[in-house]
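Structure file data_33.cif (mmCIF, C-alpha atoms) follows.
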data_my_file
loop_
_atom_site.group_PDB
_atom_site.id
_atom_site.type_symbol
_atom_site.label_atom_id
_atom_site.label_comp_id
_atom_site.auth_asym_id
_atom_site.auth_seq_id
_atom_site.Cartn_x
_atom_site.Cartn_y
_atom_site.Cartn_z
ATOM 1 C CA MET A 1 -17.333 12.388 3.389
ATOM 2 C CA ALA A 2 -20.607 10.874 2.117
ATOM 3 C CA GLU A 3 -22.099 14.172 0.843
ATOM 4 C CA ALA A 4 -19.074 15.041 -1.282
ATOM 5 C CA ALA A 5 -18.204 11.471 -2.242
ATOM 6 C CA THR A 6 -17.270 10.795 -5.841
ATOM 7 C CA GLY A 7 -17.792 7.072 -5.253
ATOM 8 C CA ALA A 8 -19.829 4.754 -3.032
ATOM 9 C CA VAL A 9 -19.683 0.965 -2.829
ATOM 10 C CA ARG A 10 -21.742 -1.525 -0.846
ATOM 11 C CA VAL A 11 -21.264 -5.299 -0.828
ATOM 12 C CA GLU A 12 -23.744 -7.558 0.953
ATOM 13 C CA ARG A 13 -24.668 -11.236 1.194
ATOM 14 C CA VAL A 14 -27.212 -12.109 -1.480
ATOM 15 C CA ARG A 15 -28.312 -15.743 -1.795
ATOM 16 C CA GLY A 16 -25.343 -16.831 0.262
ATOM 17 C CA ARG A 17 -22.687 -14.979 -1.781
ATOM 18 C CA SER A 18 -20.901 -11.627 -1.769
ATOM 19 C CA ALA A 19 -22.744 -9.306 -4.145
ATOM 20 C CA LEU A 20 -22.304 -5.710 -5.232
ATOM 21 C CA THR A 21 -25.542 -3.982 -4.224
ATOM 22 C CA ARG A 22 -24.390 -0.400 -4.809
ATOM 23 C CA CYS A 23 -21.715 1.000 -7.093
ATOM 24 C CA PHE A 24 -21.796 4.741 -7.717
ATOM 25 C CA ALA A 25 -19.051 6.890 -9.234
ATOM 26 C CA ARG A 26 -18.830 10.319 -10.793
ATOM 27 C CA TYR A 27 -16.059 12.369 -12.353
ATOM 28 C CA PRO A 28 -13.131 12.124 -11.893
ATOM 29 C CA LEU A 29 -13.600 8.602 -10.487
ATOM 30 C CA LYS A 30 -14.648 5.512 -12.423
ATOM 31 C CA LEU A 31 -15.336 2.099 -10.878
ATOM 32 C CA ILE A 32 -15.244 -1.131 -12.871
ATOM 33 C CA ALA A 33 -16.630 -4.356 -11.429
ATOM 34 C CA PRO A 34 -15.651 -7.347 -13.611
ATOM 35 C CA SER A 35 -18.213 -10.124 -13.609
ATOM 36 C CA LYS A 36 -15.641 -12.804 -12.925
ATOM 37 C CA VAL A 37 -12.163 -12.880 -11.420
ATOM 38 C CA GLY A 38 -10.861 -16.344 -10.643
ATOM 39 C CA PRO A 39 -12.930 -19.542 -10.368
ATOM 40 C CA SER A 40 -16.686 -19.350 -9.960
ATOM 41 C CA SER A 41 -16.390 -21.156 -6.629
ATOM 42 C CA CYS A 42 -14.571 -18.189 -5.124
ATOM 43 C CA ASP A 43 -16.795 -15.762 -3.234
ATOM 44 C CA ALA A 44 -15.172 -12.376 -3.819
ATOM 45 C CA VAL A 45 -16.149 -9.069 -5.428
ATOM 46 C CA TRP A 46 -13.400 -7.235 -7.324
ATOM 47 C CA LEU A 47 -13.408 -3.507 -8.063
ATOM 48 C CA TYR A 48 -11.017 -1.488 -10.211
ATOM 49 C CA ALA A 49 -10.729 2.209 -9.382
ATOM 50 C CA LEU A 50 -9.727 4.477 -12.283
ATOM 51 C CA THR A 51 -9.575 8.194 -12.941
ATOM 52 C CA TYR A 52 -10.466 9.862 -16.228
ATOM 53 C CA GLY A 53 -7.363 10.997 -18.057
ATOM 54 C CA GLY A 54 -5.249 8.298 -16.437
ATOM 55 C CA GLY A 55 -4.320 10.334 -13.377
ATOM 56 C CA ILE A 56 -5.300 12.917 -10.786
ATOM 57 C CA VAL A 57 -5.226 16.526 -11.916
ATOM 58 C CA SER A 58 -3.963 19.255 -9.614
ATOM 59 C CA GLY A 59 -6.765 20.354 -7.294
ATOM 60 C CA ASP A 60 -8.951 17.274 -7.891
ATOM 61 C CA THR A 61 -10.406 15.331 -4.961
ATOM 62 C CA VAL A 62 -11.362 11.670 -5.316
ATOM 63 C CA SER A 63 -13.354 10.347 -2.357
ATOM 64 C CA CYS A 64 -15.024 6.977 -1.914
ATOM 65 C CA THR A 65 -16.991 5.193 0.787
ATOM 66 C CA VAL A 66 -16.980 1.389 0.984
ATOM 67 C CA SER A 67 -19.231 -0.867 3.058
ATOM 68 C CA VAL A 68 -18.359 -4.568 3.289
ATOM 69 C CA GLY A 69 -21.176 -6.578 4.844
ATOM 70 C CA ASP A 70 -20.823 -9.430 7.307
ATOM 71 C CA GLY A 71 -19.142 -12.477 5.775
ATOM 72 C CA CYS A 72 -18.346 -10.732 2.463
ATOM 73 C CA THR A 73 -15.034 -10.495 0.597
ATOM 74 C CA VAL A 74 -13.966 -7.480 -1.482
ATOM 75 C CA ALA A 75 -10.765 -6.612 -3.356
ATOM 76 C CA ILE A 76 -10.148 -3.038 -4.521
ATOM 77 C CA THR A 77 -7.318 -2.482 -6.959
ATOM 78 C CA THR A 78 -6.206 -0.409 -9.958
ATOM 79 C CA GLN A 79 -5.235 -1.160 -13.551
ATOM 80 C CA ALA A 80 -1.952 0.759 -13.346
ATOM 81 C CA SER A 81 -0.089 3.165 -11.110
ATOM 82 C CA THR A 82 -2.015 6.225 -9.925
ATOM 83 C CA LYS A 83 -0.398 9.213 -11.613
ATOM 84 C CA VAL A 84 -0.501 12.580 -9.872
ATOM 85 C CA TYR A 85 0.109 15.365 -12.360
ATOM 86 C CA LYS A 86 2.096 18.553 -11.824
ATOM 87 C CA ALA A 87 0.705 21.025 -9.328
ATOM 88 C CA VAL A 88 -0.841 24.294 -10.434
ATOM 89 C CA GLY A 89 0.350 26.794 -7.881
ATOM 90 C CA SER A 90 -0.260 25.459 -4.376
ATOM 91 C CA LYS A 91 -3.210 23.229 -5.338
ATOM 92 C CA CYS A 92 -3.095 19.723 -3.860
ATOM 93 C CA SER A 93 -4.553 16.538 -5.357
ATOM 94 C CA GLU A 94 -6.422 14.362 -2.854
ATOM 95 C CA GLN A 95 -7.698 10.811 -2.492
ATOM 96 C CA LEU A 96 -9.941 9.867 0.419
ATOM 97 C CA LEU A 97 -11.254 6.425 1.332
ATOM 98 C CA GLU A 98 -13.536 5.507 4.212
ATOM 99 C CA ALA A 99 -14.410 1.827 4.645
ATOM 100 C CA ARG A 100 -16.427 -0.260 7.074
ATOM 101 C CA VAL A 101 -15.651 -3.966 7.318
ATOM 102 C CA GLY A 102 -18.263 -6.249 8.877
ATOM 103 C CA GLU A 103 -18.055 -9.359 11.022
ATOM 104 C CA ASP A 104 -15.998 -12.164 9.457
ATOM 105 C CA ALA A 105 -15.601 -10.017 6.318
ATOM 106 C CA LEU A 106 -12.421 -9.395 4.305
ATOM 107 C CA LEU A 107 -11.418 -6.191 2.539
ATOM 108 C CA ALA A 108 -8.215 -6.121 0.481
ATOM 109 C CA VAL A 109 -7.053 -2.702 -0.750
ATOM 110 C CA ILE A 110 -4.282 -3.679 -3.163
ATOM 111 C CA PRO A 111 -3.617 -0.863 -5.659
ATOM 112 C CA ASP A 112 -0.619 -0.219 -7.847
ATOM 113 C CA PRO A 113 1.718 2.492 -6.540
ATOM 114 C CA VAL A 114 1.148 6.233 -6.572
ATOM 115 C CA THR A 115 3.536 8.061 -8.923
ATOM 116 C CA CYS A 116 3.845 11.804 -8.400
ATOM 117 C CA PHE A 117 5.120 13.906 -11.287
ATOM 118 C CA SER A 118 7.589 16.766 -10.852
ATOM 119 C CA THR A 119 6.233 19.555 -8.551
ATOM 120 C CA ALA A 120 3.095 17.491 -7.734
ATOM 121 C CA ARG A 121 1.326 17.956 -4.404
ATOM 122 C CA TYR A 122 -0.652 14.957 -3.127
ATOM 123 C CA HIS A 123 -2.572 14.041 0.029
ATOM 124 C CA GLN A 124 -4.187 10.662 0.684
ATOM 125 C CA LYS A 125 -6.218 9.544 3.684
ATOM 126 C CA GLN A 126 -7.716 6.110 4.318
ATOM 127 C CA VAL A 127 -9.892 5.326 7.326
ATOM 128 C CA PHE A 128 -11.049 1.792 8.138
ATOM 129 C CA HIS A 129 -13.665 0.827 10.718
ATOM 130 C CA VAL A 130 -13.438 -2.831 11.723
ATOM 131 C CA SER A 131 -14.967 -5.239 14.220
ATOM 132 C CA ALA A 132 -13.147 -7.735 16.421
ATOM 133 C CA ASN A 133 -13.046 -10.450 13.742
ATOM 134 C CA SER A 134 -12.879 -8.329 10.586
ATOM 135 C CA ASN A 135 -10.059 -9.026 8.150
ATOM 136 C CA LEU A 136 -8.160 -6.280 6.363
ATOM 137 C CA VAL A 137 -5.304 -6.048 3.863
ATOM 138 C CA VAL A 138 -3.953 -2.611 2.960
ATOM 139 C CA VAL A 139 -1.072 -1.987 0.566
ATOM 140 C CA ASP A 140 -0.063 1.671 0.511
ATOM 141 C CA TRP A 141 2.927 2.468 -1.670
ATOM 142 C CA PHE A 142 4.476 5.117 -3.868
ATOM 143 C CA THR A 143 7.416 5.654 -6.184
ATOM 144 C CA SER A 144 9.947 8.452 -6.532
ATOM 145 C CA GLY A 145 8.187 9.547 -9.728
ATOM 146 C CA ARG A 146 9.112 8.905 -13.344
ATOM 147 C CA TYR A 147 12.610 7.992 -12.212
ATOM 148 C CA GLU A 148 13.498 6.176 -15.417
ATOM 149 C CA SER A 149 13.009 9.519 -17.193
ATOM 150 C CA GLY A 150 15.097 11.416 -14.674
ATOM 151 C CA GLU A 151 12.304 12.619 -12.342
ATOM 152 C CA LYS A 152 13.455 11.237 -9.004
ATOM 153 C CA TRP A 153 11.788 12.470 -5.793
ATOM 154 C CA ASP A 154 11.052 15.717 -7.619
ATOM 155 C CA PHE A 155 7.499 16.251 -6.331
ATOM 156 C CA SER A 156 6.793 19.039 -3.845
ATOM 157 C CA PHE A 157 4.582 17.348 -1.259
ATOM 158 C CA TYR A 158 3.335 13.834 -0.469
ATOM 159 C CA LYS A 159 1.294 12.778 2.542
ATOM 160 C CA SER A 160 -0.462 9.485 3.208
ATOM 161 C CA VAL A 161 -2.495 8.792 6.346
ATOM 162 C CA ASN A 162 -3.946 5.418 7.372
ATOM 163 C CA HIS A 163 -6.232 4.989 10.380
ATOM 164 C CA ILE A 164 -7.873 1.771 11.607
ATOM 165 C CA PHE A 165 -10.543 1.962 14.294
ATOM 166 C CA LEU A 166 -11.961 -0.931 16.320
ATOM 167 C CA GLY A 167 -15.298 0.481 17.361
ATOM 168 C CA ASP A 168 -14.430 3.992 18.529
ATOM 169 C CA GLN A 169 -10.925 3.021 19.645
ATOM 170 C CA PRO A 170 -7.872 3.699 17.437
ATOM 171 C CA LEU A 171 -6.109 0.456 16.567
ATOM 172 C CA PHE A 172 -3.550 1.658 14.003
ATOM 173 C CA ILE A 173 -2.539 5.245 13.248
ATOM 174 C CA ASP A 174 0.104 5.894 10.594
ATOM 175 C CA SER A 175 1.235 8.928 8.633
ATOM 176 C CA THR A 176 3.903 9.366 5.952
ATOM 177 C CA LEU A 177 5.031 12.847 4.954
ATOM 178 C CA LEU A 178 7.617 13.863 2.379
ATOM 179 C CA GLU A 179 8.156 17.532 1.638
ATOM 180 C CA GLN A 180 10.966 19.386 -0.041
ATOM 181 C CA GLY A 181 13.008 21.007 2.709
ATOM 182 C CA SER A 182 15.457 23.862 2.781
ATOM 183 C CA THR A 183 18.320 21.782 4.228
ATOM 184 C CA TYR A 184 18.057 18.425 2.467
ATOM 185 C CA SER A 185 15.977 17.520 -0.559
ATOM 186 C CA ILE A 186 13.894 14.338 -0.650
ATOM 187 C CA VAL A 187 16.287 12.729 -3.132
ATOM 188 C CA GLU A 188 19.217 13.326 -0.767
ATOM 189 C CA ARG A 189 17.328 11.664 2.073
ATOM 190 C CA MET A 190 16.118 8.697 0.021
ATOM 191 C CA GLN A 191 19.496 7.916 -1.550
ATOM 192 C CA GLU A 192 19.134 5.157 -4.192
ATOM 193 C CA TYR A 193 15.694 3.907 -3.104
ATOM 194 C CA ASN A 194 12.808 4.658 -5.495
ATOM 195 C CA VAL A 195 9.874 2.782 -3.946
ATOM 196 C CA ILE A 196 8.399 2.920 -0.438
ATOM 197 C CA ALA A 197 5.652 0.463 0.542
ATOM 198 C CA MET A 198 3.595 -0.414 3.583
ATOM 199 C CA VAL A 199 1.530 -3.596 4.003
ATOM 200 C CA VAL A 200 -1.039 -3.960 6.778
ATOM 201 C CA LEU A 201 -2.538 -7.365 7.612
ATOM 202 C CA LEU A 202 -5.258 -7.651 10.236
ATOM 203 C CA GLY A 203 -7.661 -10.365 11.319
ATOM 204 C CA PRO A 204 -7.917 -14.062 12.172
ATOM 205 C CA LYS A 205 -8.175 -15.263 8.556
ATOM 206 C CA LEU A 206 -4.805 -13.699 7.782
ATOM 207 C CA ARG A 207 -2.865 -14.887 10.803
ATOM 208 C CA HIS A 208 -0.946 -17.553 8.901
ATOM 209 C CA ILE A 209 0.011 -15.030 6.220
ATOM 210 C CA GLN A 210 1.266 -12.651 8.904
ATOM 211 C CA ASP A 211 3.388 -15.345 10.530
ATOM 212 C CA LYS A 212 4.855 -16.492 7.239
ATOM 213 C CA MET A 213 5.655 -12.940 6.102
ATOM 214 C CA GLN A 214 7.410 -12.145 9.370
ATOM 215 C CA ASP A 215 9.530 -15.310 9.113
ATOM 216 C CA GLU A 216 10.443 -14.645 5.484
ATOM 217 C CA VAL A 217 11.340 -11.008 6.093
ATOM 218 C CA LYS A 218 13.476 -11.978 9.068
ATOM 219 C CA LYS A 219 15.388 -14.515 6.976
ATOM 220 C CA LEU A 220 15.707 -12.121 4.049
ATOM 221 C CA MET A 221 17.129 -9.282 6.096
ATOM 222 C CA SER A 222 19.360 -11.424 8.310
ATOM 223 C CA GLY A 223 21.024 -12.724 5.153
ATOM 224 C CA GLN A 224 21.451 -9.273 3.604
ATOM 225 C CA LEU A 225 22.556 -7.423 6.712
ATOM 226 C CA ARG A 226 24.762 -10.087 8.323
ATOM 227 C CA PRO A 227 28.270 -8.665 8.835
ATOM 228 C CA PRO A 228 31.055 -10.384 6.876
ATOM 229 C CA THR A 229 33.112 -13.028 8.625
ATOM 230 C CA SER A 230 36.758 -13.844 8.173
ATOM 231 C CA GLY A 231 39.327 -16.170 9.589
ATOM 232 C CA GLY A 232 41.781 -13.309 9.937
ATOM 233 C CA SER A 233 42.277 -10.905 12.771
ATOM 234 C CA LEU A 234 39.809 -8.187 13.697
ATOM 235 C CA TYR A 235 42.244 -5.612 12.295
ATOM 236 C CA THR A 236 42.364 -7.461 8.974
ATOM 237 C CA MET A 237 38.565 -7.640 8.816
ATOM 238 C CA ARG A 238 38.202 -3.925 9.433
ATOM 239 C CA SER A 239 40.834 -2.984 6.934
ATOM 240 C CA GLN A 240 39.125 -5.029 4.225
ATOM 241 C CA LEU A 241 35.678 -3.511 4.732
ATOM 242 C CA PRO A 242 34.727 -0.947 2.087
ATOM 243 C CA GLN A 243 34.411 2.600 3.371
ATOM 244 C CA HIS A 244 30.958 2.892 1.753
ATOM 245 C CA PRO A 245 29.310 -0.561 1.918
ATOM 246 C CA GLN A 246 26.644 -1.181 -0.694
ATOM 247 C CA ARG A 247 23.115 -0.981 0.650
ATOM 248 C CA PRO A 248 20.677 -3.853 -0.015
ATOM 249 C CA GLN A 249 18.466 -3.340 -3.060
ATOM 250 C CA LEU A 250 15.426 -4.063 -0.885
ATOM 251 C CA VAL A 251 15.018 -3.398 2.830
ATOM 252 C CA ALA A 252 12.027 -4.704 4.788
ATOM 253 C CA SER A 253 10.788 -4.908 8.355
ATOM 254 C CA CYS A 254 7.742 -6.354 10.135
ATOM 255 C CA SER A 255 6.136 -5.533 13.457
ATOM 256 C CA PRO A 256 2.874 -6.513 15.180
ATOM 257 C CA PHE A 257 0.248 -4.052 16.415
ATOM 258 C CA GLY A 258 -2.900 -4.287 18.490
ATOM 259 C CA ARG A 259 -3.307 -5.308 22.097
ATOM 260 C CA THR A 260 -2.932 -9.001 21.319
ATOM 261 C CA GLY A 261 -0.816 -8.658 18.198
ATOM 262 C CA THR A 262 -3.797 -9.293 15.900
ATOM 263 C CA GLY A 263 -2.328 -7.032 13.232
ATOM 264 C CA MET A 264 1.000 -6.743 11.469
ATOM 265 C CA VAL A 265 2.615 -3.962 9.466
ATOM 266 C CA ALA A 266 5.453 -4.518 6.994
ATOM 267 C CA ARG A 267 7.517 -1.674 5.571
ATOM 268 C CA VAL A 268 9.590 -1.936 2.424
ATOM 269 C CA ALA A 269 12.087 0.253 0.579
ATOM 270 C CA ALA A 270 13.290 -0.875 -2.858
ATOM 271 C CA VAL A 271 15.541 0.553 -5.542
ATOM 272 C CA ASN A 272 12.992 -0.149 -8.292
ATOM 273 C CA THR A 273 9.339 -1.001 -8.822
ATOM 274 C CA GLU A 274 10.035 -4.520 -10.098
ATOM 275 C CA LEU A 275 11.622 -5.558 -6.789
ATOM 276 C CA ALA A 276 8.681 -4.158 -4.830
ATOM 277 C CA TYR A 277 6.168 -5.938 -7.086
ATOM 278 C CA SER A 278 8.076 -9.189 -6.623
ATOM 279 C CA PHE A 279 8.048 -8.787 -2.836
ATOM 280 C CA LEU A 280 4.304 -8.124 -2.745
ATOM 281 C CA ARG A 281 3.481 -10.840 -5.267
ATOM 282 C CA HIS A 282 5.335 -13.492 -3.303
ATOM 283 C CA ARG A 283 4.254 -12.472 0.213
ATOM 284 C CA LEU A 284 0.573 -11.973 -0.673
ATOM 285 C CA ALA A 285 0.190 -15.036 -2.914
ATOM 286 C CA GLU A 286 -1.679 -16.896 -0.163
ATOM 287 C CA LEU A 287 -4.585 -14.468 -0.497
ATOM 288 C CA GLU A 288 -5.584 -16.315 -3.674
ATOM 289 C CA PRO A 289 -7.964 -18.776 -1.923
ATOM 290 C CA PHE A 290 -9.888 -15.794 -0.503
ATOM 291 C CA LEU A 291 -9.804 -13.519 -3.550
ATOM 292 C CA GLY A 292 -9.839 -16.048 -6.394
ATOM 293 C CA ALA A 293 -6.646 -14.596 -7.906
ATOM 294 C CA PRO A 294 -3.251 -13.680 -6.456
ATOM 295 C CA PRO A 295 -2.552 -9.970 -5.969
ATOM 296 C CA TYR A 296 -0.002 -8.415 -8.331
ATOM 297 C CA ALA A 297 0.136 -11.508 -10.523
ATOM 298 C CA ALA A 298 2.663 -11.136 -13.322
ATOM 299 C CA SER A 299 0.987 -10.372 -16.638
#

How does the structure come out when it is put into structure tokens?
Amino acid sequence: MAEAATGAVRVERVRGRSALTRCFARYPLKLIAPSKVGPSSCDAVWLYALTYGGGIVSGDTVSCTVSVGDGCTVAITTQASTKVYKAVGSKCSEQLLEARVGEDALLAVIPDPVTCFSTARYHQKQVFHVSANSNLVVVDWFTSGRYESGEKWDFSFYKSVNHIFLGDQPLFIDSTLLEQGSTYSIVERMQEYNVIAMVVLLGPKLRHIQDKMQDEVKKLMSGQLRPPTSGGSLYTMRSQLPQHPQRPQLVASCSPFGRTGTGMVARVAAVNTELAYSFLRHRLAELEPFLGAPPYAAS
């Protein structure tokens, strides 16, 4: 990826602090590194990834390599949702990220969602190389499109791949694929849900956040999915149940991964973007001491 990369980032320890020692970007990628995010006492480098024109044009490839040195902290985010414009023929838009996270380092990839326009074709791949005590946060999410304007799951192709390697051993392999089929369209399969999100948390620094998120998701879903109770007979209960019970507006699940459960993946489906933002904002708020600012803070 390095030869064709449109972006390259390196963060290293300089005078005892995380410092950006390389930041290269060329069209269609632009990288912005604000001088200060959060209090000066916080040791974190923030990067905003943008594309010229506000989105990814059909056929464009955006690729970036990231190196996070030992003991450093980096947050990579966006200023708004990543728009993927309509496809020209069979051309596919691509985003590729390859990152290496050093010993006792923290990398947080916390973008806004990907929004594919009607007929868009999009492929994303993210590969992370970590050590035994690296720390990693990955939020990978996408919407049904411009659903408020009537474009709901109207894109042609969406694929997102996330790989995490510990040394040369695969630790987490995940792939999401949505493609218009001949039997059922994407909108028929997704029903009323307009946002799909995945959150990956890995590493010793994030263990307490993992535990808290799992507890909160368990409580949230047990309350929403608990069957109704009644003092009447079983026949009465069944007769009173609606034939088409209303689905929860947000559905979430959590599960550990790794040989010793060092990582956790959460999956979320929501009927709108606001609910998904609220979920992420609340569950990732405890990253603030590491990053200097809470992810997805309300403007």

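Here the PyMOL selection byres ((chain A and resi 61) around 9) matches the residues Thr6, Pro28, Ile56, Val57, Ser58, Gly59, Asp60, Val62, Ser63, Cys92, Ser93, Glu94, Gln95 and Leu96 of chain A.
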
Residues matched by the PyMOL selection byres ((chain A and resi 5) around 12), written as a list of chain:residue names: A:Met1, A:Ala2, A:Glu3, A:Ala4, A:Thr6, A:Gly7, A:Ala8, A:Val9, A:Phe24, A:Ala25, A:Arg26, A:Tyr27, A:Pro28, A:Leu29, A:Thr61, A:Val62, A:Ser63, A:Cys64, A:Thr65, A:Val66, A:Gln95, A:Leu96, A:Leu97, A:Glu98

Could you list, as a short mmCIF file (atom, residue, chain, number, x, y, z; two decimals) with C-alpha atoms, keeping the file's coordinate frame, every residue within 9 Å of range 68-80 of chain A, counting all atoms listed in the file and ignoring same-chain residues fewer than 2 positions away?
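And here's part.cif as it stands now:
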data_model
loop_
_atom_site.label_atom_id
_atom_site.label_comp_id
_atom_site.auth_asym_id
_atom_site.auth_seq_id
_atom_site.Cartn_x
_atom_site.Cartn_y
_atom_site.Cartn_z
CA VAL A 9 -19.68 0.96 -2.83
CA ARG A 10 -21.74 -1.52 -0.85
CA VAL A 11 -21.26 -5.30 -0.83
CA GLU A 12 -23.74 -7.56 0.95
CA ARG A 13 -24.67 -11.24 1.19
CA ARG A 17 -22.69 -14.98 -1.78
CA SER A 18 -20.90 -11.63 -1.77
CA ALA A 19 -22.74 -9.31 -4.14
CA ASP A 43 -16.80 -15.76 -3.23
CA ALA A 44 -15.17 -12.38 -3.82
CA VAL A 45 -16.15 -9.07 -5.43
CA TRP A 46 -13.40 -7.24 -7.32
CA LEU A 47 -13.41 -3.51 -8.06
CA TYR A 48 -11.02 -1.49 -10.21
CA ALA A 49 -10.73 2.21 -9.38
CA LEU A 50 -9.73 4.48 -12.28
CA GLY A 54 -5.25 8.30 -16.44
CA VAL A 66 -16.98 1.39 0.98
CA THR A 82 -2.02 6.22 -9.93
CA LYS A 83 -0.40 9.21 -11.61
CA ALA A 99 -14.41 1.83 4.64
CA ARG A 100 -16.43 -0.26 7.07
CA VAL A 101 -15.65 -3.97 7.32
CA GLY A 102 -18.26 -6.25 8.88
CA GLU A 103 -18.06 -9.36 11.02
CA ASP A 104 -16.00 -12.16 9.46
CA ALA A 105 -15.60 -10.02 6.32
CA LEU A 106 -12.42 -9.40 4.30
CA LEU A 107 -11.42 -6.19 2.54
CA ALA A 108 -8.22 -6.12 0.48
CA VAL A 109 -7.05 -2.70 -0.75
CA ILE A 110 -4.28 -3.68 -3.16
CA PRO A 111 -3.62 -0.86 -5.66
CA ASP A 112 -0.62 -0.22 -7.85
CA PRO A 113 1.72 2.49 -6.54
CA SER A 134 -12.88 -8.33 10.59
CA PHE A 290 -9.89 -15.79 -0.50
CA LEU A 291 -9.80 -13.52 -3.55
CA PRO A 295 -2.55 -9.97 -5.97
#

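When CA of Ala297 in chain A is paired with CA of Ser149 in chain A, their separation reads 25.5 Å.
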
Selection near range 158-169 of chain A, 8 Å with all atoms listed in the file, sequence-local residues under 6 positions removed, as a list in words: Arg121, Tyr122, His123, Gln124, Lys125, Gln126, Val127, Phe128, His129, Val130, Ser131, Ala132, Ser175, Thr176, Leu177, Leu178 and Glu179 of chain A

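Taking CA of Glu274 in chain A and CA of Gly292 in chain A as endpoints, the distance between them is 23.3 Å.
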
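Rounded to one decimal, CA of Thr143 in chain A and CA of Leu31 in chain A lie 23.5 Å from each other.
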
Surrounding residues of Thr119 in chain A excluding itself and chain neighbours under 4 positions, 8 Å, only C-alpha atoms, as a ChimeraX atom specification: /A:86-87,154-157

Can you give me all heavy atoms for range 61-66 of chain A, written as a compact mmCIF listing (two decimals), keeping the file's coordinate frame?
# COMPACT_ATOMS: atom_id res chain seq x y z
N THR A 61 -10.21 16.16 -6.14
CA THR A 61 -10.41 15.33 -4.96
C THR A 61 -11.21 14.10 -5.35
O THR A 61 -12.29 14.22 -5.93
CB THR A 61 -11.15 16.09 -3.85
OG1 THR A 61 -10.34 17.18 -3.40
CG2 THR A 61 -11.43 15.16 -2.66
N VAL A 62 -10.67 12.94 -5.07
CA VAL A 62 -11.36 11.67 -5.32
C VAL A 62 -11.67 11.06 -3.96
O VAL A 62 -10.77 10.77 -3.17
CB VAL A 62 -10.49 10.70 -6.14
CG1 VAL A 62 -11.21 9.37 -6.32
CG2 VAL A 62 -10.14 11.30 -7.49
N SER A 63 -12.96 10.90 -3.65
CA SER A 63 -13.35 10.35 -2.36
C SER A 63 -14.32 9.20 -2.58
O SER A 63 -15.16 9.24 -3.47
CB SER A 63 -13.99 11.43 -1.48
OG SER A 63 -15.18 11.92 -2.10
N CYS A 64 -14.20 8.18 -1.73
CA CYS A 64 -15.02 6.98 -1.91
C CYS A 64 -15.34 6.37 -0.56
O CYS A 64 -14.48 6.32 0.33
CB CYS A 64 -14.28 5.96 -2.79
SG CYS A 64 -15.28 4.55 -3.30
N THR A 65 -16.58 5.93 -0.40
CA THR A 65 -16.99 5.19 0.79
C THR A 65 -17.25 3.74 0.39
O THR A 65 -17.81 3.47 -0.67
CB THR A 65 -18.25 5.79 1.42
OG1 THR A 65 -19.33 5.73 0.46
CG2 THR A 65 -18.02 7.25 1.82
N VAL A 66 -16.85 2.82 1.25
CA VAL A 66 -16.98 1.39 0.98
C VAL A 66 -17.58 0.72 2.21
O VAL A 66 -17.13 0.93 3.34
CB VAL A 66 -15.62 0.75 0.66
CG1 VAL A 66 -15.77 -0.76 0.47
CG2 VAL A 66 -15.01 1.38 -0.59
